[in-house]
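What follows is the content of my_file_35.cif, which has mmCIF, C-alpha atoms (C1' of nucleotides):
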```cif
data_data
#
loop_
_atom_site.label_atom_id
_atom_site.label_comp_id
_atom_site.auth_asym_id
_atom_site.auth_seq_id
_atom_site.Cartn_x
_atom_site.Cartn_y
_atom_site.Cartn_z
CA MET A 207 -11.72 41.14 55.98
CA ALA A 208 -8.36 40.20 57.34
CA LEU A 209 -9.15 36.57 56.69
CA MET A 210 -8.99 35.45 53.12
CA SER A 211 -9.22 31.84 52.14
CA LYS A 212 -5.47 31.89 52.26
CA ASN A 213 -2.95 34.03 53.99
CA PRO A 214 -1.84 36.29 51.13
CA ALA A 215 1.70 36.30 52.49
CA ALA A 216 1.87 32.51 52.64
CA PRO A 217 3.98 31.05 49.86
CA PRO A 218 1.91 28.76 47.67
CA VAL A 219 2.43 25.05 48.24
CA PRO A 220 5.02 23.90 45.70
CA THR A 221 3.64 21.73 42.93
CA ARG A 222 5.95 18.90 43.90
CA ASP A 223 4.44 18.72 47.37
CA ARG A 224 0.92 19.03 46.02
CA LEU A 225 1.63 16.05 43.79
CA LEU A 226 2.87 14.00 46.73
CA ASP A 227 -0.16 15.06 48.76
CA ALA A 228 -2.48 14.03 45.96
CA PHE A 229 -0.72 10.69 45.58
CA GLU A 230 -1.08 9.98 49.30
CA GLU A 231 -4.69 11.07 49.32
CA LEU A 232 -5.57 8.76 46.45
CA LEU A 233 -3.77 5.86 48.08
CA VAL A 234 -5.56 6.43 51.37
CA GLU A 235 -8.98 6.86 49.81
CA GLY A 236 -8.87 4.17 47.19
CA GLY A 237 -5.78 2.01 47.48
CA GLU A 238 -3.05 1.35 44.95
CA ARG A 239 -5.50 0.79 42.18
CA SER A 240 -6.85 4.33 42.30
CA ALA A 241 -3.48 6.02 42.44
CA THR A 242 -2.70 6.19 38.75
CA LEU A 243 -0.50 8.87 37.24
CA ASP A 244 -3.46 10.45 35.48
CA ALA A 245 -5.45 10.53 38.70
CA VAL A 246 -2.57 12.00 40.69
CA ALA A 247 -1.98 14.72 38.12
CA ALA A 248 -5.68 15.56 37.96
CA ALA A 249 -6.05 15.63 41.75
CA ALA A 250 -3.13 18.05 42.02
CA ALA A 251 -4.51 20.15 39.15
CA VAL A 252 -1.36 19.55 37.15
CA SER A 253 -0.98 18.13 33.68
CA LYS A 254 0.45 14.67 33.28
CA GLY A 255 3.46 16.22 31.62
CA GLY A 256 3.87 18.41 34.65
CA LEU A 257 3.79 15.42 36.97
CA LEU A 258 6.43 13.65 34.91
CA TYR A 259 8.53 16.77 34.98
CA HIS A 260 8.82 16.44 38.76
CA PHE A 261 8.84 12.66 38.97
CA ALA A 262 10.29 10.87 36.01
CA SER A 263 8.38 7.68 36.76
CA LYS A 264 5.86 6.24 39.13
CA ASP A 265 8.73 4.58 40.93
CA ALA A 266 10.28 7.97 41.54
CA LEU A 267 6.97 9.20 42.90
CA VAL A 268 6.82 6.28 45.30
CA ASP A 269 10.40 6.86 46.39
CA ALA A 270 9.74 10.51 47.14
CA MET A 271 6.58 9.68 49.03
CA LEU A 272 8.36 7.11 51.15
CA ALA A 273 11.25 9.48 51.78
CA ARG A 274 8.82 12.07 53.10
CA LEU A 275 7.19 9.41 55.26
CA VAL A 276 10.54 8.44 56.74
CA ALA A 277 11.33 12.06 57.54
CA LEU A 278 7.96 12.59 59.24
CA ALA A 279 8.32 9.37 61.20
CA ARG A 280 11.75 10.42 62.39
CA GLU A 281 10.33 13.66 63.76
CA ASP A 282 7.47 11.77 65.31
CA ALA A 283 9.75 9.36 67.13
CA GLU A 284 11.28 12.39 68.80
CA ASN A 285 7.82 13.72 69.67
CA ILE A 286 6.91 10.40 71.23
CA ARG A 287 10.08 10.32 73.28
CA THR A 288 9.61 13.80 74.67
CA ALA A 289 5.83 13.90 74.99
CA PRO A 290 4.74 15.63 78.20
CA ALA A 291 2.05 13.03 78.96
CA GLY A 292 4.51 10.24 78.32
CA PRO A 293 5.41 8.17 75.25
CA VAL A 294 2.65 5.61 75.63
CA ASP A 295 -0.05 8.23 75.96
CA TYR A 296 1.23 10.06 72.89
CA LEU A 297 1.65 6.94 70.77
CA ILE A 298 -1.82 5.63 71.51
CA ARG A 299 -3.57 8.95 71.01
CA THR A 300 -1.89 9.53 67.67
CA SER A 301 -2.63 6.01 66.46
CA VAL A 302 -6.19 6.89 65.61
CA HIS A 303 -6.65 8.67 62.34
CA THR A 304 -6.11 12.32 63.14
CA GLY A 305 -5.51 13.48 59.60
CA SER A 306 -2.02 14.65 60.37
CA PRO A 307 0.57 14.54 57.58
CA LEU A 308 2.29 11.59 59.20
CA ASP A 309 -0.99 9.76 59.52
CA ARG A 310 -1.79 10.16 55.89
CA ALA A 311 1.71 9.26 54.79
CA TYR A 312 1.77 6.20 57.02
CA ILE A 313 -1.53 4.88 55.74
CA ALA A 314 -0.51 5.62 52.16
CA GLY A 315 2.68 3.68 52.79
CA SER A 316 0.79 0.73 54.18
CA ARG A 317 -1.44 0.70 51.11
CA LEU A 318 1.65 0.26 48.98
CA ALA A 319 3.03 -2.34 51.35
CA GLN A 320 -0.07 -4.43 50.70
CA GLY A 321 1.09 -4.79 47.14
CA ARG A 322 4.36 -6.09 45.87
CA ASP A 323 6.32 -3.01 46.85
CA LEU A 324 9.38 -4.15 48.79
CA ARG A 325 10.54 -0.63 49.63
CA ALA A 326 7.25 0.25 51.28
CA ARG A 327 7.37 -2.88 53.42
CA GLN A 328 10.90 -2.17 54.51
CA VAL A 329 10.13 1.45 55.34
CA LEU A 330 7.11 0.50 57.43
CA THR A 331 8.98 -2.24 59.22
CA GLU A 332 11.77 0.19 60.01
CA ILE A 333 9.37 2.83 61.31
CA ARG A 334 7.63 0.38 63.58
CA ARG A 335 10.97 -0.88 64.83
CA ARG A 336 11.84 2.69 65.73
CA TRP A 337 8.57 3.29 67.57
CA LEU A 338 8.96 0.02 69.40
CA SER A 339 12.39 0.97 70.62
CA VAL A 340 11.09 4.27 71.98
CA ILE A 341 8.33 2.47 73.86
CA GLU A 342 10.80 -0.12 75.12
CA ASP A 343 12.93 2.64 76.56
CA ALA A 344 9.85 4.03 78.25
CA VAL A 345 8.40 0.88 79.78
CA HIS A 346 11.57 -1.13 80.37
CA ASP A 347 9.94 -4.37 79.30
CA THR A 348 10.09 -5.92 75.85
CA ASP A 349 6.89 -7.94 76.04
CA THR A 350 4.87 -5.03 77.33
CA ALA A 351 6.31 -2.71 74.72
CA GLN A 352 5.40 -5.20 72.02
CA ALA A 353 1.84 -5.50 73.30
CA ILE A 354 1.50 -1.71 73.28
CA MET A 355 2.75 -1.60 69.71
CA LEU A 356 0.18 -4.20 68.76
CA ILE A 357 -2.58 -2.06 70.24
CA SER A 358 -1.24 0.92 68.31
CA ASP A 359 -1.24 -1.12 65.10
CA GLY A 360 -4.74 -2.31 65.85
CA LEU A 361 -5.93 1.27 66.25
CA TYR A 362 -4.43 2.18 62.91
CA VAL A 363 -6.22 -0.67 61.21
CA ASN A 364 -9.52 0.14 62.81
CA SER A 365 -9.45 3.81 62.07
CA SER A 366 -8.27 3.39 58.50
CA LEU A 367 -10.95 0.78 57.83
CA ALA A 368 -14.01 2.14 59.57
CA GLU A 369 -13.10 5.57 58.30
CA ARG A 370 -15.93 7.91 57.42
CA GLU A 371 -18.63 5.25 57.48
CA LEU A 372 -21.85 5.54 59.35
CA THR A 373 -20.07 4.34 62.46
CA PRO A 374 -20.34 6.73 65.33
CA PRO A 375 -16.88 7.71 66.51
CA THR A 376 -15.64 4.62 68.33
CA HIS A 377 -12.33 6.07 69.34
CA THR A 378 -13.36 9.16 71.19
CA ASP A 379 -10.95 11.01 73.37
CA GLU A 380 -12.63 9.53 76.39
CA ALA A 381 -12.32 6.01 75.04
CA MET A 382 -8.64 6.64 74.43
CA THR A 383 -8.19 7.77 78.00
CA ARG A 384 -9.79 4.59 79.28
CA LEU A 385 -7.68 2.49 76.93
CA ILE A 386 -4.51 4.14 78.16
CA ALA A 387 -5.55 3.51 81.73
CA LEU A 388 -6.10 -0.12 80.83
CA ILE A 389 -2.68 -0.33 79.25
CA GLY A 390 -1.28 0.89 82.54
CA ARG A 391 -2.15 -2.49 83.98
CA LEU A 392 0.23 -4.14 81.56
CA LEU A 393 3.16 -2.38 83.15
CA PRO A 394 5.07 -4.53 85.60
CA SER A 395 4.46 -3.18 89.08
CA THR A 396 7.92 -2.03 90.01
CA MET B 489 2.82 -47.80 48.89
CA ALA B 490 -0.48 -47.03 50.50
CA LEU B 491 0.35 -43.34 50.37
CA MET B 492 0.02 -41.66 47.03
CA SER B 493 0.32 -37.94 46.60
CA LYS B 494 -3.43 -37.92 46.76
CA ASN B 495 -6.05 -40.21 48.05
CA PRO B 496 -7.22 -41.82 44.83
CA ALA B 497 -10.78 -41.85 46.12
CA ALA B 498 -10.67 -38.11 46.95
CA PRO B 499 -12.78 -36.07 44.55
CA PRO B 500 -10.71 -33.42 42.78
CA VAL B 501 -11.11 -29.86 44.05
CA PRO B 502 -13.83 -28.23 41.96
CA THR B 503 -12.63 -25.58 39.53
CA ARG B 504 -14.81 -22.99 41.14
CA ASP B 505 -13.06 -23.44 44.47
CA ARG B 506 -9.65 -23.50 42.85
CA LEU B 507 -10.45 -20.15 41.26
CA LEU B 508 -11.47 -18.66 44.59
CA ASP B 509 -8.32 -20.06 46.18
CA ALA B 510 -6.19 -18.55 43.45
CA PHE B 511 -7.94 -15.20 43.78
CA GLU B 512 -7.29 -15.13 47.53
CA GLU B 513 -3.70 -16.22 47.11
CA LEU B 514 -2.99 -13.46 44.62
CA LEU B 515 -4.63 -10.86 46.83
CA VAL B 516 -2.62 -11.98 49.84
CA GLU B 517 0.68 -12.13 47.98
CA GLY B 518 0.41 -9.03 45.85
CA GLY B 519 -2.63 -6.95 46.74
CA GLU B 520 -5.53 -5.86 44.55
CA ARG B 521 -3.29 -4.87 41.73
CA SER B 522 -1.96 -8.39 41.20
CA ALA B 523 -5.32 -10.06 41.33
CA THR B 524 -6.41 -9.57 37.73
CA LEU B 525 -8.73 -11.95 35.96
CA ASP B 526 -5.90 -13.17 33.76
CA ALA B 527 -3.70 -13.85 36.76
CA VAL B 528 -6.45 -15.66 38.63
CA ALA B 529 -7.26 -17.85 35.67
CA ALA B 530 -3.60 -18.67 35.10
CA ALA B 531 -2.98 -19.43 38.77
CA ALA B 532 -5.91 -21.83 38.79
CA ALA B 533 -4.76 -23.37 35.51
CA VAL B 534 -8.01 -22.41 33.84
CA SER B 535 -8.58 -20.30 30.77
CA LYS B 536 -10.02 -16.87 31.13
CA GLY B 537 -13.14 -18.05 29.42
CA GLY B 538 -13.38 -20.80 32.01
CA LEU B 539 -13.13 -18.31 34.82
CA LEU B 540 -15.85 -16.16 33.33
CA TYR B 541 -18.04 -19.20 33.00
CA HIS B 542 -18.00 -19.64 36.78
CA PHE B 543 -17.98 -15.96 37.67
CA ALA B 544 -19.63 -13.69 35.18
CA SER B 545 -17.62 -10.67 36.29
CA LYS B 546 -14.91 -9.66 38.67
CA ASP B 547 -17.61 -8.36 40.93
CA ALA B 548 -19.16 -11.80 41.06
CA LEU B 549 -15.76 -13.25 41.94
CA VAL B 550 -15.41 -10.78 44.79
CA ASP B 551 -18.91 -11.54 46.01
CA ALA B 552 -18.24 -15.26 46.09
CA MET B 553 -14.94 -14.76 47.87
CA LEU B 554 -16.53 -12.58 50.52
CA ALA B 555 -19.38 -15.04 50.94
CA ARG B 556 -16.89 -17.80 51.65
CA LEU B 557 -15.09 -15.53 54.09
CA VAL B 558 -18.30 -14.82 55.95
CA ALA B 559 -19.07 -18.53 56.19
CA LEU B 560 -15.60 -19.32 57.52
CA ALA B 561 -15.76 -16.48 60.02
CA ARG B 562 -19.10 -17.69 61.27
CA GLU B 563 -17.63 -21.12 61.98
CA ASP B 564 -14.62 -19.52 63.59
CA ALA B 565 -16.72 -17.46 65.97
CA GLU B 566 -18.15 -20.72 67.22
CA ASN B 567 -14.65 -22.16 67.59
CA ILE B 568 -13.58 -19.14 69.61
CA ARG B 569 -16.58 -19.43 71.88
CA THR B 570 -16.02 -23.09 72.62
CA ALA B 571 -12.22 -23.22 72.63
CA PRO B 572 -10.90 -25.47 75.43
CA ALA B 573 -8.13 -23.02 76.39
CA GLY B 574 -10.61 -20.17 76.40
CA PRO B 575 -11.71 -17.62 73.80
CA VAL B 576 -8.89 -15.16 74.39
CA ASP B 577 -6.19 -17.81 74.06
CA TYR B 578 -7.74 -19.10 70.85
CA LEU B 579 -8.29 -15.67 69.31
CA ILE B 580 -4.76 -14.48 69.97
CA ARG B 581 -3.08 -17.67 68.79
CA THR B 582 -5.05 -17.70 65.55
CA SER B 583 -4.36 -14.03 64.88
CA VAL B 584 -0.89 -14.75 63.63
CA HIS B 585 -0.74 -15.95 60.08
CA THR B 586 -1.28 -19.70 60.31
CA GLY B 587 -2.13 -20.27 56.69
CA SER B 588 -5.58 -21.55 57.54
CA PRO B 589 -8.37 -20.99 55.01
CA LEU B 590 -9.93 -18.35 57.24
CA ASP B 591 -6.60 -16.60 57.61
CA ARG B 592 -6.10 -16.39 53.91
CA ALA B 593 -9.65 -15.32 53.24
CA TYR B 594 -9.51 -12.67 55.95
CA ILE B 595 -6.30 -11.15 54.66
CA ALA B 596 -7.59 -11.31 51.10
CA GLY B 597 -10.69 -9.48 52.28
CA SER B 598 -8.67 -6.81 53.98
CA ARG B 599 -6.67 -6.26 50.80
CA LEU B 600 -9.91 -5.50 49.01
CA ALA B 601 -11.07 -3.31 51.86
CA GLN B 602 -8.00 -1.13 51.28
CA GLY B 603 -9.42 -0.21 47.92
CA ARG B 604 -12.79 1.26 47.12
CA ASP B 605 -14.71 -1.93 47.78
CA LEU B 606 -17.57 -1.11 50.11
CA ARG B 607 -18.72 -4.70 50.45
CA ALA B 608 -15.32 -5.85 51.69
CA ARG B 609 -15.24 -3.12 54.32
CA GLN B 610 -18.70 -3.99 55.54
CA VAL B 611 -17.90 -7.70 55.70
CA LEU B 612 -14.71 -7.11 57.68
CA THR B 613 -16.42 -4.70 60.04
CA GLU B 614 -19.17 -7.23 60.61
CA ILE B 615 -16.71 -10.07 61.28
CA ARG B 616 -14.78 -8.03 63.79
CA ARG B 617 -17.99 -7.00 65.47
CA ARG B 618 -18.83 -10.67 65.85
CA TRP B 619 -15.43 -11.55 67.29
CA LEU B 620 -15.64 -8.63 69.68
CA SER B 621 -18.99 -9.77 70.98
CA VAL B 622 -17.60 -13.25 71.67
CA ILE B 623 -14.69 -11.78 73.60
CA GLU B 624 -17.02 -9.45 75.45
CA ASP B 625 -19.06 -12.43 76.59
CA ALA B 626 -15.87 -14.07 77.78
CA VAL B 627 -14.26 -11.21 79.68
CA HIS B 628 -17.36 -9.32 80.84
CA ASP B 629 -15.77 -5.94 80.21
CA THR B 630 -16.19 -3.87 77.09
CA ASP B 631 -12.96 -1.89 77.34
CA THR B 632 -10.86 -4.97 77.97
CA ALA B 633 -12.53 -6.82 75.14
CA GLN B 634 -11.81 -3.91 72.84
CA ALA B 635 -8.16 -3.84 73.85
CA ILE B 636 -7.86 -7.56 73.18
CA MET B 637 -9.40 -7.08 69.74
CA LEU B 638 -6.89 -4.34 69.04
CA ILE B 639 -4.03 -6.69 69.91
CA SER B 640 -5.54 -9.32 67.65
CA ASP B 641 -5.79 -6.78 64.82
CA GLY B 642 -2.22 -5.72 65.45
CA LEU B 643 -1.03 -9.29 65.18
CA TYR B 644 -2.81 -9.65 61.86
CA VAL B 645 -1.13 -6.56 60.52
CA ASN B 646 2.27 -7.60 61.69
CA SER B 647 2.13 -11.10 60.37
CA SER B 648 0.66 -10.11 57.05
CA LEU B 649 3.28 -7.40 56.59
CA ALA B 650 6.50 -8.96 57.86
CA GLU B 651 5.46 -12.18 56.20
CA ARG B 652 8.21 -14.32 54.73
CA GLU B 653 10.87 -11.65 54.95
CA LEU B 654 14.24 -12.15 56.48
CA THR B 655 12.69 -11.51 59.87
CA PRO B 656 13.23 -14.37 62.26
CA PRO B 657 9.85 -15.59 63.51
CA THR B 658 8.77 -12.88 65.92
CA HIS B 659 5.55 -14.51 66.91
CA THR B 660 6.72 -17.85 68.16
CA ASP B 661 4.46 -20.06 70.18
CA GLU B 662 6.39 -19.10 73.27
CA ALA B 663 6.01 -15.40 72.54
CA MET B 664 2.29 -15.93 72.13
CA THR B 665 2.10 -17.64 75.49
CA ARG B 666 3.82 -14.70 77.14
CA LEU B 667 1.54 -12.27 75.33
CA ILE B 668 -1.52 -14.10 76.52
CA ALA B 669 -0.18 -14.05 80.07
CA LEU B 670 0.30 -10.33 79.72
CA ILE B 671 -3.23 -9.88 78.47
CA GLY B 672 -4.36 -11.65 81.63
CA ARG B 673 -3.36 -8.55 83.54
CA LEU B 674 -5.92 -6.53 81.61
CA LEU B 675 -8.73 -8.53 83.10
CA PRO B 676 -10.44 -6.87 86.03
CA SER B 677 -9.48 -8.81 89.15
CA THR B 678 -12.83 -10.25 90.13
"C1'" DT C 1443 17.85 32.16 29.11
"C1'" DT C 1444 16.35 29.03 32.41
"C1'" DT C 1445 12.68 27.10 35.14
"C1'" DA C 1446 8.40 25.31 35.44
"C1'" DC C 1447 5.24 23.98 33.62
"C1'" DT C 1448 0.71 23.03 29.78
"C1'" DG C 1449 -1.28 20.34 26.09
"C1'" DT C 1450 -1.47 17.00 22.77
"C1'" DA C 1451 -0.39 13.07 20.38
"C1'" DC C 1452 1.16 8.69 20.59
"C1'" DC C 1453 2.68 3.67 21.87
"C1'" DG C 1454 2.89 -1.01 23.72
"C1'" DG C 1455 1.10 -3.73 27.15
"C1'" DC C 1456 -2.43 -4.87 30.25
"C1'" DT C 1457 -7.42 -5.41 31.79
"C1'" DA C 1458 -12.24 -6.58 31.92
"C1'" DG C 1459 -15.31 -8.60 29.46
"C1'" DA C 1460 -17.90 -10.43 25.21
"C1'" DC C 1461 -18.45 -14.15 22.16
"C1'" DG C 1462 -18.36 -18.22 19.50
"C1'" DG C 1463 -16.93 -22.75 19.57
"C1'" DT C 1464 -16.17 -27.58 21.56
"C1'" DA C 1465 -16.22 -31.93 24.14
"C1'" DT C 1466 -18.88 -34.67 27.00
"C1'" DA C 1467 -22.58 -36.28 29.82
"C1'" DC C 1468 -27.38 -36.73 30.51
"C1'" DT C 1469 -32.29 -36.81 28.99
"C1'" DT C 1470 -36.15 -37.62 26.19
"C1'" DG C 1471 -39.06 -39.13 22.45
"C1'" DT C 1472 -39.89 -42.87 19.40
"C1'" DA D 1281 -31.89 -49.01 20.96
"C1'" DC D 1282 -30.90 -44.86 19.02
"C1'" DA D 1283 -31.22 -40.20 17.32
"C1'" DA D 1284 -32.03 -35.51 18.84
"C1'" DG D 1285 -31.79 -32.14 22.03
"C1'" DT D 1286 -30.06 -29.93 26.24
"C1'" DA D 1287 -26.96 -28.68 30.08
"C1'" DT D 1288 -22.35 -28.37 31.88
"C1'" DA D 1289 -17.78 -27.04 31.74
"C1'" DC D 1290 -14.84 -25.28 29.73
"C1'" DC D 1291 -11.10 -23.05 25.57
"C1'" DG D 1292 -9.30 -19.38 22.44
"C1'" DT D 1293 -9.90 -15.14 20.30
"C1'" DC D 1294 -11.09 -10.48 20.03
"C1'" DT D 1295 -11.90 -5.65 21.41
"C1'" DA D 1296 -12.53 -1.18 23.76
"C1'" DG D 1297 -10.41 1.25 27.05
"C1'" DC D 1298 -6.97 2.24 30.66
"C1'" DC D 1299 -2.11 2.66 32.27
"C1'" DG D 1300 2.64 3.96 32.39
"C1'" DG D 1301 5.64 6.25 29.77
"C1'" DT D 1302 7.69 9.09 25.69
"C1'" DA D 1303 8.12 13.01 22.81
"C1'" DC D 1304 7.78 17.39 21.78
"C1'" DA D 1305 6.10 22.05 20.78
"C1'" DG D 1306 4.56 26.02 23.20
"C1'" DT D 1307 4.18 29.50 27.12
"C1'" DA D 1308 4.69 32.56 30.96
"C1'" DA D 1309 7.42 34.29 34.66
"C1'" DA D 1310 12.00 35.41 36.92
#
```
Take the structure in the file and write it out as structure tokens.
Amino acid sequence: MALMSKNPAAPPVPTRDRLLDAFEELLVEGGERSATLDAVAAAAAVSKGGLLYHFASKDALVDAMLARLVALAREDAENIRTAPAGPVDYLIRTSVHTGSPLDRAYIAGSRLAQGRDLRARQVLTEIRRRWLSVIEDAVHDTDTAQAIMLISDGLYVNSSLAERELTPPTHTDEAMTRLIALIGRLLPST
Amino acid sequence: MALMSKNPAAPPVPTRDRLLDAFEELLVEGGERSATLDAVAAAAAVSKGGLLYHFASKDALVDAMLARLVALAREDAENIRTAPAGPVDYLIRTSVHTGSPLDRAYIAGSRLAQGRDLRARQVLTEIRRRWLSVIEDAVHDTDTAQAIMLISDGLYVNSSLAERELTPPTHTDEAMTRLIALIGRLLPST
DNA sequence: TTTACTGTACCGGCTAGACGGTATACTTGT
DNA sequence: ACAAGTATACCGTCTAGCCGGTACAGTAAA
């Protein structure tokens, strides 16, 4: 009785954000090709005119999406740095597809980066540079940090590719724990 | 004098292959969106009609491309297994973008896998499964093998993303050597 | 009145694909 | 030997539909 499908006091998600969500979702699910203006508008239950009211062009939509990604990544870098279980543990565990907003935005961004979009490539490169520097600070060794980043990248690829197929969950929590233990061996014994 | 731009006795590359090459190249450079039939035909210096003579539909073009990828990957798995410097060394060194036919085909395939193409996803999953099994045979430890595959995947991502930007070559031969040494630490000390 | 849209109609360019035609080489019957 | 037919390997044109974008008239709420 107290639980409705939505908290009645919760402000509705602004149309602008719903449009960005829909854009990301389409990119993640079907790549650049699927993410047309018509499809985005339909997925957000907004008319095409409404979409173009908020974003004057597809370019503007991309810009806004990337800006949101950058903001989320900035927060995340802080989360990695201050994670109780340590930066490496946090980074690795959040590299599998968890469905978090950052996850979705990051994968959406990498879909665009596969195309000719220079901005997307630059944003992704910058984000990874930032993550790398956090890990470097944590492990005090460039080569090791780089290897850890590669594993993180690999996890992203795997989970965004194998996604929702008939594959039994490869990257279980337990598997992640073992992987992190394994990564421990990379650390120079100080 | 003896060297012309081409061996005069060399048979010209068949149009069919040139079309597949062009298709891959466009996918690698600009993603699914760039790889239209018109663009493929133009890049191969063939009319659109000519393209459709060899491949009755875009689907057929994709099928042929994936078939070639599978064939190349099959050969490669054998190369990994029998590499003089060992499977891990070979796998890691060939995970950076070398411009080899397999490289190009693999990246082209992963561009398609970003979209809705089920076949591409299945093919890539299958290829990685094959590689993993070779590495498993070599290192006798599932977790370690999986970690090595993740690093390999990460290298692919990095080199296909940062490709030909103003980034100084991150993955030099020397860096690869150090990475491989690092990976050595993952191996259980038998 | 302004903000935040909806809905419709339209346009130019692109996209996949169909189709008819053509040049050339090879085969077959006589 | 030669005409007739067939297969191969394309070229050039056309079309239906999609895509990004424009334009604009209307509406409902604050």
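The residues returned by the PyMOL selection byres ((chain D) within 9 of (chain A)) on the shown structure are DC1299, DG1300 and DG1301 of chain D.
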For this structure, which residues satisfy the selection - the PyMOL selection byres ((chain B) within 7 of (chain A)) - when it is evaluated on the file as given? I want them as a PyMOL selection string. chain B and resi 518-519+521+599+602-604+609+631+635+638-639+641-643+649+667+670+673-674
Name every residue that the PyMOL selection byres ((chain A) within 12 of (chain C)) selects in this structure, writing the answer as a compact mmCIF listing (two decimals) with C-alpha atoms, keeping the file's coordinate frame with chains first and numbers rising.
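Contents of out_24.txt, freshly written:
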```
# COMPACT_ATOMS: atom_id res chain seq x y z
CA PRO A 220 5.02 23.90 45.70
CA THR A 221 3.64 21.73 42.93
CA ARG A 222 5.95 18.90 43.90
CA ALA A 251 -4.51 20.15 39.15
CA VAL A 252 -1.36 19.55 37.15
CA SER A 253 -0.98 18.13 33.68
CA LYS A 254 0.45 14.67 33.28
CA GLY A 255 3.46 16.22 31.62
CA GLY A 256 3.87 18.41 34.65
CA LEU A 257 3.79 15.42 36.97
CA LEU A 258 6.43 13.65 34.91
CA TYR A 259 8.53 16.77 34.98
CA HIS A 260 8.82 16.44 38.76
```
The distance between CA of Leu508 (chain B) and CA of Arg325 (chain A) is 28.9 Å
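Rounded to one decimal, CA of Arg287 (chain A) and CA of Ser339 (chain A) lie 10.0 Å from each other.
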note - CA of Leu225 (chain A) and C1' of DA1309 (chain D) are separated by 21.2 Å
May I have the centre and edge lengths, in Å to one decimal, of an axis-aligned box around the listed atoms of region 527-539 of chain B with 6 Å added to every side, as lines of an AutoDock Vina configuration file?
```
center_x = -8.2
center_y = -18.6
center_z = 34.1
size_x = 22.4
size_y = 21.5
size_z = 21.4
```
Need to verify the contact set: Tyr312 (chain A), 9 Å, all atoms listed in the file, exclusion of same-chain residues closer than 6 positions in sequence. Can you return it as an mmCIF file with C-alpha atoms, in the coordinates of the input?
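Heads up, here's the output in out.cif:
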```cif
data_model
loop_
_atom_site.group_PDB
_atom_site.id
_atom_site.type_symbol
_atom_site.label_atom_id
_atom_site.label_comp_id
_atom_site.auth_asym_id
_atom_site.auth_seq_id
_atom_site.Cartn_x
_atom_site.Cartn_y
_atom_site.Cartn_z
ATOM 1 C CA LEU A 272 8.360 7.110 51.150
ATOM 2 C CA LEU A 275 7.190 9.410 55.260
ATOM 3 C CA ALA A 279 8.320 9.370 61.200
ATOM 4 C CA LEU A 330 7.110 0.500 57.430
#
```
Completion of region 239-251 of chain A up to N, CA and C atoms, as a compact mmCIF listing (two decimals), in the coordinates of the input:
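Printed below is part.txt as written:
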```txt
# COMPACT_ATOMS: atom_id res chain seq x y z
N ARG A 239 -4.83 0.82 43.47
CA ARG A 239 -5.50 0.79 42.18
C ARG A 239 -5.94 2.18 41.71
N SER A 240 -6.35 3.01 42.65
CA SER A 240 -6.85 4.33 42.30
C SER A 240 -5.74 5.32 42.00
N ALA A 241 -4.55 5.02 42.51
CA ALA A 241 -3.48 6.02 42.44
C ALA A 241 -2.70 5.92 41.14
N THR A 242 -3.38 6.21 40.05
CA THR A 242 -2.70 6.19 38.75
C THR A 242 -2.08 7.55 38.50
N LEU A 243 -1.17 7.61 37.54
CA LEU A 243 -0.50 8.87 37.24
C LEU A 243 -1.51 9.92 36.80
N ASP A 244 -2.42 9.52 35.95
CA ASP A 244 -3.46 10.45 35.48
C ASP A 244 -4.25 11.00 36.67
N ALA A 245 -4.64 10.11 37.56
CA ALA A 245 -5.45 10.53 38.70
C ALA A 245 -4.67 11.47 39.60
N VAL A 246 -3.40 11.15 39.84
CA VAL A 246 -2.57 12.00 40.69
C VAL A 246 -2.44 13.40 40.09
N ALA A 247 -2.14 13.43 38.79
CA ALA A 247 -1.98 14.72 38.12
C ALA A 247 -3.27 15.53 38.21
N ALA A 248 -4.39 14.87 37.92
CA ALA A 248 -5.68 15.56 37.96
C ALA A 248 -5.98 16.08 39.36
N ALA A 249 -5.73 15.25 40.37
CA ALA A 249 -6.05 15.63 41.75
C ALA A 249 -5.19 16.82 42.20
N ALA A 250 -4.01 16.94 41.64
CA ALA A 250 -3.13 18.05 42.02
C ALA A 250 -3.31 19.24 41.06
N ALA A 251 -4.26 19.10 40.15
CA ALA A 251 -4.51 20.15 39.15
C ALA A 251 -3.24 20.49 38.37
```
